[in-house]
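**Q** Please find target-v4.cif (mmCIF, N, CA and C atoms) on the next line:
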data_upload
loop_
_atom_site.group_PDB
_atom_site.id
_atom_site.type_symbol
_atom_site.label_atom_id
_atom_site.label_comp_id
_atom_site.auth_asym_id
_atom_site.auth_seq_id
_atom_site.Cartn_x
_atom_site.Cartn_y
_atom_site.Cartn_z
ATOM 1 N N MET E 277 -11.931 18.924 -13.482
ATOM 2 C CA MET E 277 -11.666 17.942 -12.441
ATOM 3 C C MET E 277 -10.853 16.802 -13.049
ATOM 4 N N ASP E 278 -9.696 16.516 -12.481
ATOM 5 C CA ASP E 278 -8.843 15.427 -12.953
ATOM 6 C C ASP E 278 -9.410 14.082 -12.510
ATOM 7 N N ASP E 279 -9.011 13.047 -13.242
ATOM 8 C CA ASP E 279 -9.448 11.692 -12.919
ATOM 9 C C ASP E 279 -8.475 11.022 -11.965
ATOM 10 N N ALA E 280 -9.028 10.244 -11.055
ATOM 11 C CA ALA E 280 -8.235 9.419 -10.149
ATOM 12 C C ALA E 280 -8.745 7.993 -10.263
ATOM 13 N N LEU E 281 -7.847 7.055 -10.090
ATOM 14 C CA LEU E 281 -8.222 5.654 -10.081
ATOM 15 C C LEU E 281 -8.115 5.169 -8.647
ATOM 16 N N GLY E 282 -9.207 4.621 -8.126
ATOM 17 C CA GLY E 282 -9.221 4.105 -6.766
ATOM 18 C C GLY E 282 -8.871 2.630 -6.742
ATOM 19 N N TRP E 283 -8.235 2.208 -5.670
ATOM 20 C CA TRP E 283 -7.864 0.800 -5.512
ATOM 21 C C TRP E 283 -8.006 0.396 -4.057
ATOM 22 N N VAL E 284 -8.683 -0.733 -3.849
ATOM 23 C CA VAL E 284 -8.771 -1.371 -2.534
ATOM 24 C C VAL E 284 -8.337 -2.816 -2.739
ATOM 25 N N ASP E 285 -7.406 -3.278 -1.932
ATOM 26 C CA ASP E 285 -6.949 -4.666 -2.030
ATOM 27 C C ASP E 285 -8.161 -5.583 -1.898
ATOM 28 N N PRO E 286 -8.387 -6.462 -2.891
ATOM 29 C CA PRO E 286 -9.559 -7.342 -2.829
ATOM 30 C C PRO E 286 -9.544 -8.290 -1.628
ATOM 31 N N CYS E 287 -8.402 -8.477 -0.989
ATOM 32 C CA CYS E 287 -8.299 -9.350 0.187
ATOM 33 C C CYS E 287 -8.550 -8.597 1.497
ATOM 34 N N SER E 288 -8.853 -7.316 1.408
ATOM 35 C CA SER E 288 -9.062 -6.518 2.614
ATOM 36 C C SER E 288 -10.271 -7.031 3.396
ATOM 37 N N PRO E 289 -10.134 -7.168 4.708
ATOM 38 C CA PRO E 289 -11.270 -7.602 5.523
ATOM 39 C C PRO E 289 -12.271 -6.472 5.788
ATOM 40 N N THR E 290 -11.910 -5.250 5.421
ATOM 41 C CA THR E 290 -12.772 -4.087 5.673
ATOM 42 C C THR E 290 -13.032 -3.322 4.370
ATOM 43 N N THR E 291 -13.480 -4.030 3.360
ATOM 44 C CA THR E 291 -13.649 -3.451 2.030
ATOM 45 C C THR E 291 -14.563 -2.229 2.030
ATOM 46 N N GLU E 292 -15.692 -2.294 2.713
ATOM 47 C CA GLU E 292 -16.628 -1.167 2.725
ATOM 48 C C GLU E 292 -15.984 0.068 3.359
ATOM 49 N N TRP E 293 -15.300 -0.117 4.459
ATOM 50 C CA TRP E 293 -14.629 0.997 5.135
ATOM 51 C C TRP E 293 -13.542 1.583 4.229
ATOM 52 N N ASP E 294 -12.739 0.714 3.639
ATOM 53 C CA ASP E 294 -11.660 1.168 2.768
ATOM 54 C C ASP E 294 -12.203 1.934 1.560
ATOM 55 N N THR E 295 -13.277 1.432 0.979
ATOM 56 C CA THR E 295 -13.904 2.097 -0.167
ATOM 57 C C THR E 295 -14.399 3.486 0.225
ATOM 58 N N ALA E 296 -15.012 3.590 1.398
ATOM 59 C CA ALA E 296 -15.492 4.889 1.882
ATOM 60 C C ALA E 296 -14.322 5.854 2.104
ATOM 61 N N GLN E 297 -13.197 5.341 2.612
ATOM 62 C CA GLN E 297 -12.009 6.185 2.825
ATOM 63 C C GLN E 297 -11.515 6.768 1.495
ATOM 64 N N VAL E 298 -11.477 5.933 0.455
ATOM 65 C CA VAL E 298 -11.013 6.386 -0.858
ATOM 66 C C VAL E 298 -11.983 7.406 -1.441
ATOM 67 N N ARG E 299 -13.275 7.165 -1.293
ATOM 68 C CA ARG E 299 -14.276 8.129 -1.796
ATOM 69 C C ARG E 299 -14.139 9.482 -1.102
ATOM 70 N N ARG E 300 -13.959 9.469 0.215
ATOM 71 C CA ARG E 300 -13.786 10.729 0.953
ATOM 72 C C ARG E 300 -12.519 11.460 0.512
ATOM 73 N N LEU E 301 -11.438 10.703 0.303
ATOM 74 C CA LEU E 301 -10.187 11.309 -0.134
ATOM 75 C C LEU E 301 -10.349 11.943 -1.519
ATOM 76 N N ALA E 302 -11.028 11.257 -2.418
ATOM 77 C CA ALA E 302 -11.268 11.805 -3.763
ATOM 78 C C ALA E 302 -12.065 13.097 -3.682
ATOM 79 N N ARG E 303 -13.089 13.098 -2.857
ATOM 80 C CA ARG E 303 -13.913 14.298 -2.687
ATOM 81 C C ARG E 303 -13.086 15.445 -2.101
ATOM 82 N N ARG E 304 -12.287 15.149 -1.073
ATOM 83 C CA ARG E 304 -11.475 16.173 -0.412
ATOM 84 C C ARG E 304 -10.438 16.764 -1.359
ATOM 85 N N LEU E 305 -9.864 15.934 -2.226
ATOM 86 C CA LEU E 305 -8.821 16.408 -3.140
ATOM 87 C C LEU E 305 -9.371 16.893 -4.475
ATOM 88 N N GLY E 306 -10.681 16.722 -4.691
ATOM 89 C CA GLY E 306 -11.318 17.237 -5.902
ATOM 90 C C GLY E 306 -11.130 16.383 -7.148
ATOM 91 N N TYR E 307 -11.036 15.068 -6.972
ATOM 92 C CA TYR E 307 -10.869 14.170 -8.108
ATOM 93 C C TYR E 307 -12.173 13.478 -8.473
ATOM 94 N N ALA E 308 -12.362 13.267 -9.770
ATOM 95 C CA ALA E 308 -13.432 12.393 -10.253
ATOM 96 C C ALA E 308 -12.898 10.969 -10.102
ATOM 97 N N LEU E 309 -13.609 10.136 -9.364
ATOM 98 C CA LEU E 309 -13.111 8.812 -9.001
ATOM 99 C C LEU E 309 -13.656 7.732 -9.918
ATOM 100 N N ARG E 310 -12.742 6.916 -10.420
ATOM 101 C CA ARG E 310 -13.069 5.672 -11.109
ATOM 102 C C ARG E 310 -12.329 4.569 -10.368
ATOM 103 N N TRP E 311 -12.763 3.343 -10.552
ATOM 104 C CA TRP E 311 -12.174 2.234 -9.808
ATOM 105 C C TRP E 311 -11.400 1.299 -10.722
ATOM 106 N N ALA E 312 -10.249 0.842 -10.259
ATOM 107 C CA ALA E 312 -9.490 -0.191 -10.957
ATOM 108 C C ALA E 312 -10.253 -1.509 -10.807
ATOM 109 N N ASN E 313 -10.062 -2.399 -11.756
ATOM 110 C CA ASN E 313 -10.752 -3.683 -11.759
ATOM 111 C C ASN E 313 -9.821 -4.764 -11.213
ATOM 112 N N PRO E 314 -10.119 -5.303 -10.024
ATOM 113 C CA PRO E 314 -9.237 -6.328 -9.452
ATOM 114 C C PRO E 314 -9.242 -7.628 -10.253
ATOM 115 N N ALA E 315 -10.244 -7.840 -11.113
ATOM 116 C CA ALA E 315 -10.321 -9.060 -11.923
ATOM 117 C C ALA E 315 -9.660 -8.895 -13.291
ATOM 118 N N SER E 316 -9.121 -7.726 -13.570
ATOM 119 C CA SER E 316 -8.507 -7.457 -14.870
ATOM 120 C C SER E 316 -7.237 -8.281 -15.059
ATOM 121 N N VAL E 317 -6.948 -8.642 -16.322
ATOM 122 C CA VAL E 317 -5.690 -9.312 -16.621
ATOM 123 C C VAL E 317 -4.526 -8.316 -16.548
ATOM 124 N N LEU E 318 -4.833 -7.032 -16.598
ATOM 125 C CA LEU E 318 -3.809 -5.999 -16.462
ATOM 126 C C LEU E 318 -3.504 -5.768 -14.991
ATOM 127 N N GLY E 319 -2.249 -5.522 -14.687
ATOM 128 C CA GLY E 319 -1.875 -5.144 -13.331
ATOM 129 C C GLY E 319 -2.376 -3.742 -13.025
ATOM 130 N N LEU E 320 -2.267 -3.342 -11.783
ATOM 131 C CA LEU E 320 -2.765 -2.027 -11.382
ATOM 132 C C LEU E 320 -2.054 -0.903 -12.128
ATOM 133 N N ALA E 321 -0.739 -0.955 -12.243
ATOM 134 C CA ALA E 321 -0.007 0.104 -12.949
ATOM 135 C C ALA E 321 -0.432 0.183 -14.413
ATOM 136 N N GLU E 322 -0.654 -0.957 -15.036
ATOM 137 C CA GLU E 322 -1.101 -0.970 -16.428
ATOM 138 C C GLU E 322 -2.516 -0.413 -16.563
ATOM 139 N N GLN E 323 -3.361 -0.672 -15.593
ATOM 140 C CA GLN E 323 -4.709 -0.103 -15.615
ATOM 141 C C GLN E 323 -4.650 1.419 -15.482
ATOM 142 N N VAL E 324 -3.746 1.908 -14.644
ATOM 143 C CA VAL E 324 -3.589 3.360 -14.478
ATOM 144 C C VAL E 324 -3.147 3.978 -15.803
ATOM 145 N N GLU E 325 -2.150 3.372 -16.429
ATOM 146 C CA GLU E 325 -1.672 3.885 -17.724
ATOM 147 C C GLU E 325 -2.787 3.889 -18.761
ATOM 148 N N ALA E 326 -3.522 2.794 -18.851
ATOM 149 C CA ALA E 326 -4.589 2.673 -19.847
ATOM 150 C C ALA E 326 -5.712 3.665 -19.597
ATOM 151 N N SER E 327 -5.967 3.990 -18.333
ATOM 152 C CA SER E 327 -7.071 4.887 -18.002
ATOM 153 C C SER E 327 -6.713 6.357 -18.196
ATOM 154 N N GLY E 328 -5.414 6.668 -18.178
ATOM 155 C CA GLY E 328 -4.986 8.060 -18.274
ATOM 156 C C GLY E 328 -5.139 8.819 -16.968
ATOM 157 N N ALA E 329 -5.395 8.121 -15.868
ATOM 158 C CA ALA E 329 -5.560 8.771 -14.566
ATOM 159 C C ALA E 329 -4.247 9.419 -14.134
ATOM 160 N N GLU E 330 -4.361 10.558 -13.468
ATOM 161 C CA GLU E 330 -3.191 11.288 -12.980
ATOM 162 C C GLU E 330 -2.756 10.841 -11.594
ATOM 163 N N VAL E 331 -3.673 10.185 -10.878
ATOM 164 C CA VAL E 331 -3.395 9.827 -9.490
ATOM 165 C C VAL E 331 -4.103 8.519 -9.148
ATOM 166 N N VAL E 332 -3.503 7.773 -8.224
ATOM 167 C CA VAL E 332 -4.114 6.560 -7.674
ATOM 168 C C VAL E 332 -4.429 6.849 -6.214
ATOM 169 N N LEU E 333 -5.647 6.546 -5.810
ATOM 170 C CA LEU E 333 -6.073 6.763 -4.426
ATOM 171 C C LEU E 333 -6.180 5.419 -3.721
ATOM 172 N N LEU E 334 -5.536 5.312 -2.579
ATOM 173 C CA LEU E 334 -5.526 4.085 -1.784
ATOM 174 C C LEU E 334 -6.026 4.375 -0.376
ATOM 175 N N PRO E 335 -6.655 3.393 0.276
ATOM 176 C CA PRO E 335 -6.998 3.592 1.689
ATOM 177 C C PRO E 335 -5.731 3.736 2.540
ATOM 178 N N SER E 336 -4.699 2.952 2.214
ATOM 179 C CA SER E 336 -3.384 3.058 2.858
ATOM 180 C C SER E 336 -2.374 2.405 1.935
ATOM 181 N N SER E 337 -1.107 2.664 2.193
ATOM 182 C CA SER E 337 -0.073 2.069 1.348
ATOM 183 C C SER E 337 -0.001 0.554 1.510
ATOM 184 N N ALA E 338 -0.611 0.015 2.554
ATOM 185 C CA ALA E 338 -0.621 -1.431 2.771
ATOM 186 C C ALA E 338 -1.483 -2.168 1.742
ATOM 187 N N HIS E 339 -2.228 -1.444 0.925
ATOM 188 C CA HIS E 339 -3.078 -2.074 -0.077
ATOM 189 C C HIS E 339 -2.329 -2.434 -1.351
ATOM 190 N N VAL E 340 -1.050 -2.078 -1.431
ATOM 191 C CA VAL E 340 -0.189 -2.499 -2.540
ATOM 192 C C VAL E 340 1.168 -2.899 -1.961
ATOM 193 N N ASP E 341 1.855 -3.794 -2.659
ATOM 194 C CA ASP E 341 3.208 -4.150 -2.206
ATOM 195 C C ASP E 341 4.202 -3.095 -2.704
ATOM 196 N N LEU E 342 5.421 -3.170 -2.232
ATOM 197 C CA LEU E 342 6.424 -2.156 -2.573
ATOM 198 C C LEU E 342 6.750 -2.132 -4.064
ATOM 199 N N VAL E 343 6.763 -3.282 -4.704
ATOM 200 C CA VAL E 343 7.037 -3.332 -6.142
ATOM 201 C C VAL E 343 5.929 -2.615 -6.907
ATOM 202 N N THR E 344 4.678 -2.873 -6.526
ATOM 203 C CA THR E 344 3.543 -2.218 -7.183
ATOM 204 C C THR E 344 3.573 -0.722 -6.923
ATOM 205 N N LEU E 345 3.876 -0.317 -5.697
ATOM 206 C CA LEU E 345 3.968 1.118 -5.389
ATOM 207 C C LEU E 345 5.028 1.786 -6.261
ATOM 208 N N ASN E 346 6.163 1.150 -6.408
ATOM 209 C CA ASN E 346 7.220 1.684 -7.254
ATOM 210 C C ASN E 346 6.739 1.805 -8.706
ATOM 211 N N ARG E 347 6.056 0.795 -9.207
ATOM 212 C CA ARG E 347 5.546 0.824 -10.586
ATOM 213 C C ARG E 347 4.475 1.904 -10.737
ATOM 214 N N LEU E 348 3.616 2.064 -9.731
ATOM 215 C CA LEU E 348 2.588 3.102 -9.790
ATOM 216 C C LEU E 348 3.226 4.482 -9.874
ATOM 217 N N MET E 349 4.280 4.686 -9.098
ATOM 218 C CA MET E 349 4.919 5.998 -9.059
ATOM 219 C C MET E 349 5.628 6.340 -10.366
ATOM 220 N N SER E 350 5.795 5.370 -11.239
ATOM 221 C CA SER E 350 6.375 5.673 -12.546
ATOM 222 C C SER E 350 5.319 6.188 -13.518
ATOM 223 N N VAL E 351 4.034 6.031 -13.170
ATOM 224 C CA VAL E 351 2.973 6.465 -14.088
ATOM 225 C C VAL E 351 1.995 7.474 -13.488
ATOM 226 N N ALA E 352 1.975 7.614 -12.168
ATOM 227 C CA ALA E 352 0.992 8.510 -11.536
ATOM 228 C C ALA E 352 1.435 8.882 -10.125
ATOM 229 N N ASP E 353 0.796 9.915 -9.588
ATOM 230 C CA ASP E 353 0.951 10.227 -8.172
ATOM 231 C C ASP E 353 0.122 9.217 -7.385
ATOM 232 N N VAL E 354 0.499 8.988 -6.140
ATOM 233 C CA VAL E 354 -0.242 8.062 -5.275
ATOM 234 C C VAL E 354 -0.612 8.820 -4.004
ATOM 235 N N GLU E 355 -1.885 8.775 -3.648
ATOM 236 C CA GLU E 355 -2.387 9.422 -2.424
ATOM 237 C C GLU E 355 -3.019 8.359 -1.534
ATOM 238 N N CYS E 356 -2.664 8.379 -0.258
ATOM 239 C CA CYS E 356 -3.204 7.431 0.714
ATOM 240 C C CYS E 356 -4.037 8.171 1.749
ATOM 241 N N ALA E 357 -5.153 7.551 2.148
ATOM 242 C CA ALA E 357 -6.075 8.181 3.086
ATOM 243 C C ALA E 357 -5.582 8.103 4.528
ATOM 244 N N THR E 358 -5.160 6.896 4.969
ATOM 245 C CA THR E 358 -4.803 6.710 6.363
ATOM 246 C C THR E 358 -3.586 5.813 6.497
ATOM 247 N N PRO E 359 -2.506 6.221 7.046
ATOM 248 C CA PRO E 359 -2.250 7.604 7.394
ATOM 249 C C PRO E 359 -2.125 8.436 6.126
ATOM 250 N N ARG E 360 -2.470 9.698 6.213
ATOM 251 C CA ARG E 360 -2.466 10.584 5.059
ATOM 252 C C ARG E 360 -1.038 10.703 4.535
ATOM 253 N N ALA E 361 -0.839 10.281 3.294
ATOM 254 C CA ALA E 361 0.498 10.322 2.694
ATOM 255 C C ALA E 361 0.368 10.557 1.199
ATOM 256 N N SER E 362 1.362 11.229 0.635
ATOM 257 C CA SER E 362 1.420 11.488 -0.800
ATOM 258 C C SER E 362 2.750 10.990 -1.333
ATOM 259 N N PHE E 363 2.699 10.304 -2.456
ATOM 260 C CA PHE E 363 3.895 9.839 -3.137
ATOM 261 C C PHE E 363 3.858 10.422 -4.539
ATOM 262 N N ALA E 364 4.812 11.287 -4.843
ATOM 263 C CA ALA E 364 4.830 11.952 -6.148
ATOM 264 C C ALA E 364 5.358 11.007 -7.219
ATOM 265 N N ARG E 365 4.806 11.167 -8.397
ATOM 266 C CA ARG E 365 5.267 10.410 -9.561
ATOM 267 C C ARG E 365 6.753 10.666 -9.766
ATOM 268 N N TRP E 366 7.482 9.612 -10.180
ATOM 269 C CA TRP E 366 8.894 9.780 -10.493
ATOM 270 C C TRP E 366 9.030 10.808 -11.577
ATOM 271 N N SER E 367 10.044 11.641 -11.489
ATOM 272 C CA SER E 367 10.247 12.679 -12.503
ATOM 273 C C SER E 367 10.752 12.063 -13.805
ATOM 274 N N THR E 368 10.553 12.806 -14.876
ATOM 275 C CA THR E 368 11.067 12.372 -16.167
ATOM 276 C C THR E 368 12.353 13.130 -16.452
ATOM 277 N N LEU E 369 13.336 12.423 -16.951
ATOM 278 C CA LEU E 369 14.609 13.036 -17.323
ATOM 279 C C LEU E 369 14.838 12.771 -18.803
ATOM 280 N N GLY E 370 14.956 13.837 -19.582
ATOM 281 C CA GLY E 370 15.189 13.675 -20.997
ATOM 282 C C GLY E 370 14.039 12.985 -21.714
ATOM 283 N N GLY E 371 12.826 13.160 -21.189
ATOM 284 C CA GLY E 371 11.661 12.551 -21.810
ATOM 285 C C GLY E 371 11.477 11.092 -21.484
ATOM 286 N N VAL E 372 12.332 10.523 -20.632
ATOM 287 C CA VAL E 372 12.239 9.118 -20.274
ATOM 288 C C VAL E 372 11.939 9.014 -18.794
ATOM 289 N N ARG E 373 10.927 8.235 -18.456
ATOM 290 C CA ARG E 373 10.613 8.044 -17.034
ATOM 291 C C ARG E 373 11.654 7.154 -16.397
ATOM 292 N N ARG E 374 12.116 7.538 -15.216
ATOM 293 C CA ARG E 374 13.130 6.761 -14.505
ATOM 294 C C ARG E 374 12.572 6.252 -13.218
#
Please express what this file holds, its structure, as C-alpha cells.

**A**
Amino acid sequence: MDDALGWVDPCSPTTEWDTAQVRRLARRLGYALRWANPASVLGLAEQVEASGAEVVLLPSSAHVDLVTLNRLMSVADVECATPRASFARWSTLGGVRR
C-alpha cells in the first residue's frame, strides 16, 4: 500500500466533512493516509517531499492555491474528492523535473 499525504485547508469552515472526504478517498484508492501538518514551517510541497508520499489527497482543489498546486504536481500526484479529479505529477525529462 502506497503512502498518501492528506491536506485540508486549516481555514475551511467544514473541516470535519473535508477530513472525512479525504479519508474516504484514501480508502477507495487504497492509500495509507498520513496528514500534512498545517503548523509546520515547511510548505505543503516540502512536506510531501520530506514524507516520500506518492500522492496528495485533497477534499477539493480549492484547498490549495494555483501556485501550491503547481508545486505539488512537481513532486507528487494530486487527487481531489469533490469534484473527483486527478492531477498527474509533472513528467521528468532527462532526470530533471520540469

**Q** So which one's closest to Ser350 of chain E, E:Val298, E:Ala321, E:Ala308, E:Val332? Using only C-alpha atoms, please.

**A**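 Nearest to Ser350 of chain E: E:Ala321.
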
**Q** Per DSSP on the backbone, filter chain E down to the residues in alpha helix (DSSP H) and report them as a VMD selection string.

**A** chain E and resid 291 to 305 320 to 327 342 to 349

**Q** Rounded to one decimal, what separation in Å do you get between atom CA of Trp293 of chain E and atom CA of Asp341 of chain E?

**A** 20.0 Å

**Q** At a cut-off of 9 Å, using only C-alpha atoms, what residues contact Asp278 of chain E? Leave out same-chain residues fewer than 4 positions from it and give the result as a short mmCIF file (atom, residue, chain, number, x, y, z; two decimals) with N, CA and C atoms, keeping the file's coordinate frame.

**A**
data_model
loop_
_atom_site.label_atom_id
_atom_site.label_comp_id
_atom_site.auth_asym_id
_atom_site.auth_seq_id
_atom_site.Cartn_x
_atom_site.Cartn_y
_atom_site.Cartn_z
N GLY E 306 -10.68 16.72 -4.69
CA GLY E 306 -11.32 17.24 -5.90
C GLY E 306 -11.13 16.38 -7.15
N TYR E 307 -11.04 15.07 -6.97
CA TYR E 307 -10.87 14.17 -8.11
C TYR E 307 -12.17 13.48 -8.47
N ALA E 308 -12.36 13.27 -9.77
CA ALA E 308 -13.43 12.39 -10.25
C ALA E 308 -12.90 10.97 -10.10
N LEU E 309 -13.61 10.14 -9.36
CA LEU E 309 -13.11 8.81 -9.00
C LEU E 309 -13.66 7.73 -9.92
N ALA E 329 -5.40 8.12 -15.87
CA ALA E 329 -5.56 8.77 -14.57
C ALA E 329 -4.25 9.42 -14.13
N GLU E 330 -4.36 10.56 -13.47
CA GLU E 330 -3.19 11.29 -12.98
C GLU E 330 -2.76 10.84 -11.59
N VAL E 331 -3.67 10.18 -10.88
CA VAL E 331 -3.40 9.83 -9.49
C VAL E 331 -4.10 8.52 -9.15
#

**Q** As a PyMOL selection string, please: the residues near Pro314 of chain E (cut-off 8 Å, all atoms listed in the file, same-chain neighbours under 2 positions excluded).

**A** chain E and resi 283-286+311-312+316-318+320

**Q** Apply DSSP to the backbone of this structure and, from chain E, keep only the residues in strand (DSSP E); write these as a list in words.

**A**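 Here is the list: Asp279, Ala280, Leu281, Gly282, Ala308, Leu309, Arg310, Trp311, Val331, Val332, Leu333, Leu334, Asp353, Val354, Glu355, Cys356, Ala361, Ser362, Phe363, Thr368, Leu369, Val372 and Arg373 of chain E.
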
**Q** In Å, rounded to a single decimal, give me how far atom N of Ala357 of chain E is from atom N of Ser337 of chain E.

**A** 6.3 Å

**Q** Kindly indicate which residue among E:Pro289, E:Gly319, E:Gly282, E:Pro335 lies nearest to Thr358 of chain E, using only N, CA and C atoms for the distances.

**A**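 Ranking E:Pro289, E:Gly319, E:Gly282, E:Pro335 by distance to Thr358 of chain E, first place goes to E:Pro335.
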
**Q** For Val354 of chain E, please output as a PyMOL selection string all residues within 6.5 Å (counting all atoms listed in the file; exclusion window: fewer than 4 positions along the same chain).

**A** chain E and resi 331-334+348-349+361-365

**Q** Could those residues be written to a file, using N, CA and C atoms, as a PDB file, keeping the file's coordinate frame?

**A**
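Result file follows (result_4.pdb):
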ATOM      1  N   VAL E 331      -3.673  10.185 -10.878  1.00  0.00           N
ATOM      2  CA  VAL E 331      -3.395   9.827  -9.490  1.00  0.00           C
ATOM      3  C   VAL E 331      -4.103   8.519  -9.148  1.00  0.00           C
ATOM      4  N   VAL E 332      -3.503   7.773  -8.224  1.00  0.00           N
ATOM      5  CA  VAL E 332      -4.114   6.560  -7.674  1.00  0.00           C
ATOM      6  C   VAL E 332      -4.429   6.849  -6.214  1.00  0.00           C
ATOM      7  N   LEU E 333      -5.647   6.546  -5.810  1.00  0.00           N
ATOM      8  CA  LEU E 333      -6.073   6.763  -4.426  1.00  0.00           C
ATOM      9  C   LEU E 333      -6.180   5.419  -3.721  1.00  0.00           C
ATOM     10  N   LEU E 334      -5.536   5.312  -2.579  1.00  0.00           N
ATOM     11  CA  LEU E 334      -5.526   4.085  -1.784  1.00  0.00           C
ATOM     12  C   LEU E 334      -6.026   4.375  -0.376  1.00  0.00           C
ATOM     13  N   LEU E 348       3.616   2.064  -9.731  1.00  0.00           N
ATOM     14  CA  LEU E 348       2.588   3.102  -9.790  1.00  0.00           C
ATOM     15  C   LEU E 348       3.226   4.482  -9.874  1.00  0.00           C
ATOM     16  N   MET E 349       4.280   4.686  -9.098  1.00  0.00           N
ATOM     17  CA  MET E 349       4.919   5.998  -9.059  1.00  0.00           C
ATOM     18  C   MET E 349       5.628   6.340 -10.366  1.00  0.00           C
ATOM     19  N   ALA E 361      -0.839  10.281   3.294  1.00  0.00           N
ATOM     20  CA  ALA E 361       0.498  10.322   2.694  1.00  0.00           C
ATOM     21  C   ALA E 361       0.368  10.557   1.199  1.00  0.00           C
ATOM     22  N   SER E 362       1.362  11.229   0.635  1.00  0.00           N
ATOM     23  CA  SER E 362       1.420  11.488  -0.800  1.00  0.00           C
ATOM     24  C   SER E 362       2.750  10.990  -1.333  1.00  0.00           C
ATOM     25  N   PHE E 363       2.699  10.304  -2.456  1.00  0.00           N
ATOM     26  CA  PHE E 363       3.895   9.839  -3.137  1.00  0.00           C
ATOM     27  C   PHE E 363       3.858  10.422  -4.539  1.00  0.00           C
ATOM     28  N   ALA E 364       4.812  11.287  -4.843  1.00  0.00           N
ATOM     29  CA  ALA E 364       4.830  11.952  -6.148  1.00  0.00           C
ATOM     30  C   ALA E 364       5.358  11.007  -7.219  1.00  0.00           C
ATOM     31  N   ARG E 365       4.806  11.167  -8.397  1.00  0.00           N
ATOM     32  CA  ARG E 365       5.267  10.410  -9.561  1.00  0.00           C
ATOM     33  C   ARG E 365       6.753  10.666  -9.766  1.00  0.00           C
TER      34      ARG E 365
END

**Q** Looking at only C-alpha atoms, which of E:Ala352, E:Cys287, E:Ala302, E:Ala296 is the one that sits closest to Glu322 of chain E?

**A**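 Distance minimum relative to Glu322 of chain E lands on E:Ala352.
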
**Q** As a PDB file, keeping the file's coordinate frame, please: segment 281-293 of chain E completed to N, CA, C and O atoms.

**A**
ATOM      1  N   LEU E 281      -7.847   7.055 -10.090  1.00  0.00           N
ATOM      2  CA  LEU E 281      -8.222   5.654 -10.081  1.00  0.00           C
ATOM      3  C   LEU E 281      -8.115   5.169  -8.647  1.00  0.00           C
ATOM      4  O   LEU E 281      -7.071   5.314  -8.009  1.00  0.00           O
ATOM      5  N   GLY E 282      -9.207   4.621  -8.126  1.00  0.00           N
ATOM      6  CA  GLY E 282      -9.221   4.105  -6.766  1.00  0.00           C
ATOM      7  C   GLY E 282      -8.871   2.630  -6.742  1.00  0.00           C
ATOM      8  O   GLY E 282      -9.176   1.891  -7.683  1.00  0.00           O
ATOM      9  N   TRP E 283      -8.235   2.208  -5.670  1.00  0.00           N
ATOM     10  CA  TRP E 283      -7.864   0.800  -5.512  1.00  0.00           C
ATOM     11  C   TRP E 283      -8.006   0.396  -4.057  1.00  0.00           C
ATOM     12  O   TRP E 283      -7.532   1.076  -3.150  1.00  0.00           O
ATOM     13  N   VAL E 284      -8.683  -0.733  -3.849  1.00  0.00           N
ATOM     14  CA  VAL E 284      -8.771  -1.371  -2.534  1.00  0.00           C
ATOM     15  C   VAL E 284      -8.337  -2.816  -2.739  1.00  0.00           C
ATOM     16  O   VAL E 284      -8.829  -3.496  -3.650  1.00  0.00           O
ATOM     17  N   ASP E 285      -7.406  -3.278  -1.932  1.00  0.00           N
ATOM     18  CA  ASP E 285      -6.949  -4.666  -2.030  1.00  0.00           C
ATOM     19  C   ASP E 285      -8.161  -5.583  -1.898  1.00  0.00           C
ATOM     20  O   ASP E 285      -8.913  -5.496  -0.921  1.00  0.00           O
ATOM     21  N   PRO E 286      -8.387  -6.462  -2.891  1.00  0.00           N
ATOM     22  CA  PRO E 286      -9.559  -7.342  -2.829  1.00  0.00           C
ATOM     23  C   PRO E 286      -9.544  -8.290  -1.628  1.00  0.00           C
ATOM     24  O   PRO E 286     -10.583  -8.838  -1.257  1.00  0.00           O
ATOM     25  N   CYS E 287      -8.402  -8.477  -0.989  1.00  0.00           N
ATOM     26  CA  CYS E 287      -8.299  -9.350   0.187  1.00  0.00           C
ATOM     27  C   CYS E 287      -8.550  -8.597   1.497  1.00  0.00           C
ATOM     28  O   CYS E 287      -8.474  -9.195   2.573  1.00  0.00           O
ATOM     29  N   SER E 288      -8.853  -7.316   1.408  1.00  0.00           N
ATOM     30  CA  SER E 288      -9.062  -6.518   2.614  1.00  0.00           C
ATOM     31  C   SER E 288     -10.271  -7.031   3.396  1.00  0.00           C
ATOM     32  O   SER E 288     -11.330  -7.269   2.819  1.00  0.00           O
ATOM     33  N   PRO E 289     -10.134  -7.168   4.708  1.00  0.00           N
ATOM     34  CA  PRO E 289     -11.270  -7.602   5.523  1.00  0.00           C
ATOM     35  C   PRO E 289     -12.271  -6.472   5.788  1.00  0.00           C
ATOM     36  O   PRO E 289     -13.352  -6.706   6.309  1.00  0.00           O
ATOM     37  N   THR E 290     -11.910  -5.250   5.421  1.00  0.00           N
ATOM     38  CA  THR E 290     -12.772  -4.087   5.673  1.00  0.00           C
ATOM     39  C   THR E 290     -13.032  -3.322   4.370  1.00  0.00           C
ATOM     40  O   THR E 290     -12.838  -2.109   4.302  1.00  0.00           O
ATOM     41  N   THR E 291     -13.480  -4.030   3.360  1.00  0.00           N
ATOM     42  CA  THR E 291     -13.649  -3.451   2.030  1.00  0.00           C
ATOM     43  C   THR E 291     -14.563  -2.229   2.030  1.00  0.00           C
ATOM     44  O   THR E 291     -14.249  -1.216   1.396  1.00  0.00           O
ATOM     45  N   GLU E 292     -15.692  -2.294   2.713  1.00  0.00           N
ATOM     46  CA  GLU E 292     -16.628  -1.167   2.725  1.00  0.00           C
ATOM     47  C   GLU E 292     -15.984   0.068   3.359  1.00  0.00           C
ATOM     48  O   GLU E 292     -16.122   1.178   2.842  1.00  0.00           O
ATOM     49  N   TRP E 293     -15.300  -0.117   4.459  1.00  0.00           N
ATOM     50  CA  TRP E 293     -14.629   0.997   5.135  1.00  0.00           C
ATOM     51  C   TRP E 293     -13.542   1.583   4.229  1.00  0.00           C
ATOM     52  O   TRP E 293     -13.432   2.795   4.082  1.00  0.00           O
TER      53      TRP E 293
END
